[in-house]
Amino acid sequence: MFDALYDRAAPALLRQAYLLTGRRALAMESVERAFHLAWNRWPELIADPDPVGWVRSAAYEYALSPWHQFRRAHRHPDKPPAEPADRILLDAMLQLSPMHRRTVLLYDGIGLDLPDTAAETEATTPTAGNRLLRAHAELAARIPELAAVPPEKQSAVLRHRLGALRPSVPLEPRPAVAVRGSGEHRTRLWGRAVLGLTAMIAVATSYTLSTAPTHYIPPLAPGASVSGVPPLSGPQHLTQRSKELHDKLRNDPEAGPARLAPKAE
């Protein structure tokens with residue numbers, strides 16, 4: 001059943017993710033990640049009345065994540081389409097805000113009605129309608145073909161143009177068995193990481209329990225003075241011999257032959 005869902009939905013989702021991002025590699029990564037999540041939550045997914053919508057929502061969320069702009073591999077779009085009209089349309093779509101882009105693609109590109117578009121974008125129906133009107137106005141300002149038709153016909157024109165757009169890069173998803181295998185591999189890696197982290201926590205807990213004190217150890221008492229030991233407070237008194245040596249050094253000349261060859265007493 002997973003392979004059947006993938007074969008039926010992946011090609012269209014890959015094209016939609018490309019229209020959202022303008023990047024083939026990011027589009028493929030978004031679709032495959034969405035199907036990895038679907039594989040890991042398969043019991044939950046098969047109970048969903050719209051499994052394709054579930055996968056589509058996951059792919060869109062990943063494709064429109066703002067963190068991709070910090071990745072060097074996804075910083076710039078791919079080569080633009082060869083047809084000038086397709087290039088203008090894709091550039092205009094990519095200049096929309098992520099939420100407006102998603103709303104246009106769901107309503108005009110896929111053909112969802114306004115309540116379903118609002119539900120998938122987690123908005124009210126009036127909010128989704130206002131977003132769609134603002135997006136159409138922005139697109140009409142950038143696409144001469146769209147500006148030449150009345151507002152009530154812009155949705156039909158966009159639906160036709162989005163469906164006919166031909167990318168300059170091939171959009172062919174990998175086989176379902178490869179995507180399912182990579183998902184299983186990632187699940188195993190995460191399982192091993194969780195087991196390793198759990199083992200490290202268990203070892204640290206055991207070490208802490210084995211080295212922790214088992215009884216109360218009173219703190220050391222503060223230091224006390226010892227009687228009979230004089231404190232150090234300034235220079236000490238000179239003995240008689242030290243005083244005589246001190247006076248002799250002060251009375252002797254500081255320079256001259258007498259300093260170099262002192263007389264014997």
# chains A, B, ... in the order shown; residues from 1 in each chain; ligands from 1
call {"tool": "closest_atom_pairs", "arguments": {"of": "range 99-144 of chain A", "to": "range 160-171 of chain A", "cutoff": "12 Å", "atoms": "only C-alpha atoms", "output": "tab-separated table"}}
result
residue	atom	partner	partner_atom	distance
A:Val104	CA	A:Leu162	CA	10.0
A:Leu105	CA	A:Leu162	CA	8.3
A:Leu106	CA	A:Leu162	CA	11.1
A:Tyr107	CA	A:Leu162	CA	11.3
A:Asp108	CA	A:Leu162	CA	8.0
A:Gly109	CA	A:Leu162	CA	5.9
A:Ile110	CA	A:Gly163	CA	8.8
A:Gly111	CA	A:His160	CA	10.8
A:Ile143	CA	A:Arg161	CA	11.0
call {"tool": "closest_residue", "arguments": {"among": "A:Pro173, A:Pro98, A:Pro51, A:Pro84", "to": "Ala12 in chain A", "atoms": "only C-alpha atoms"}}
result
A:Pro173
call {"tool": "atom_distance", "arguments": {"atom1": "CA of Ala193 in chain A", "atom2": "CA of Ala212 in chain A"}}
result
28.3 Å
call {"tool": "closest_residue", "arguments": {"among": "A:Ala38, A:Ala156, A:Leu26, A:Ala140", "to": "Arg72 in chain A", "atoms": "only C-alpha atoms"}}
result
A:Leu26
call {"tool": "atom_distance", "arguments": {"atom1": "CA of Arg131 in chain A", "atom2": "CA of His100 in chain A"}}
result
5.9 Å
call {"tool": "closest_residue", "arguments": {"among": "A:Thr211, A:Gln16, A:Thr125, A:Ser57", "to": "Met28 in chain A", "atoms": "only C-alpha atoms"}}
result
A:Gln16
call {"tool": "residues_around", "arguments": {"residues": "Arg8 in chain A", "least_positions_apart": "6", "cutoff": "12 Å", "atoms": "only C-alpha atoms", "output": "count of residues only"}}
result
9
call {"tool": "closest_residue", "arguments": {"among": "A:Trp39, A:Ala4, A:Ala59, A:Arg71", "to": "Ala27 in chain A", "atoms": "only C-alpha atoms"}}
result
A:Ala59
call {"tool": "select_by_dssp", "arguments": {"residues": "range 41-213 of chain A", "states": "helix (DSSP H, G or I)", "output": "VMD selection string"}}
result
chain A and resid 42 to 46 51 to 63 66 to 70 72 to 74 84 to 95 98 to 110 114 to 120 125 to 142 144 to 147 151 to 164 176 to 211
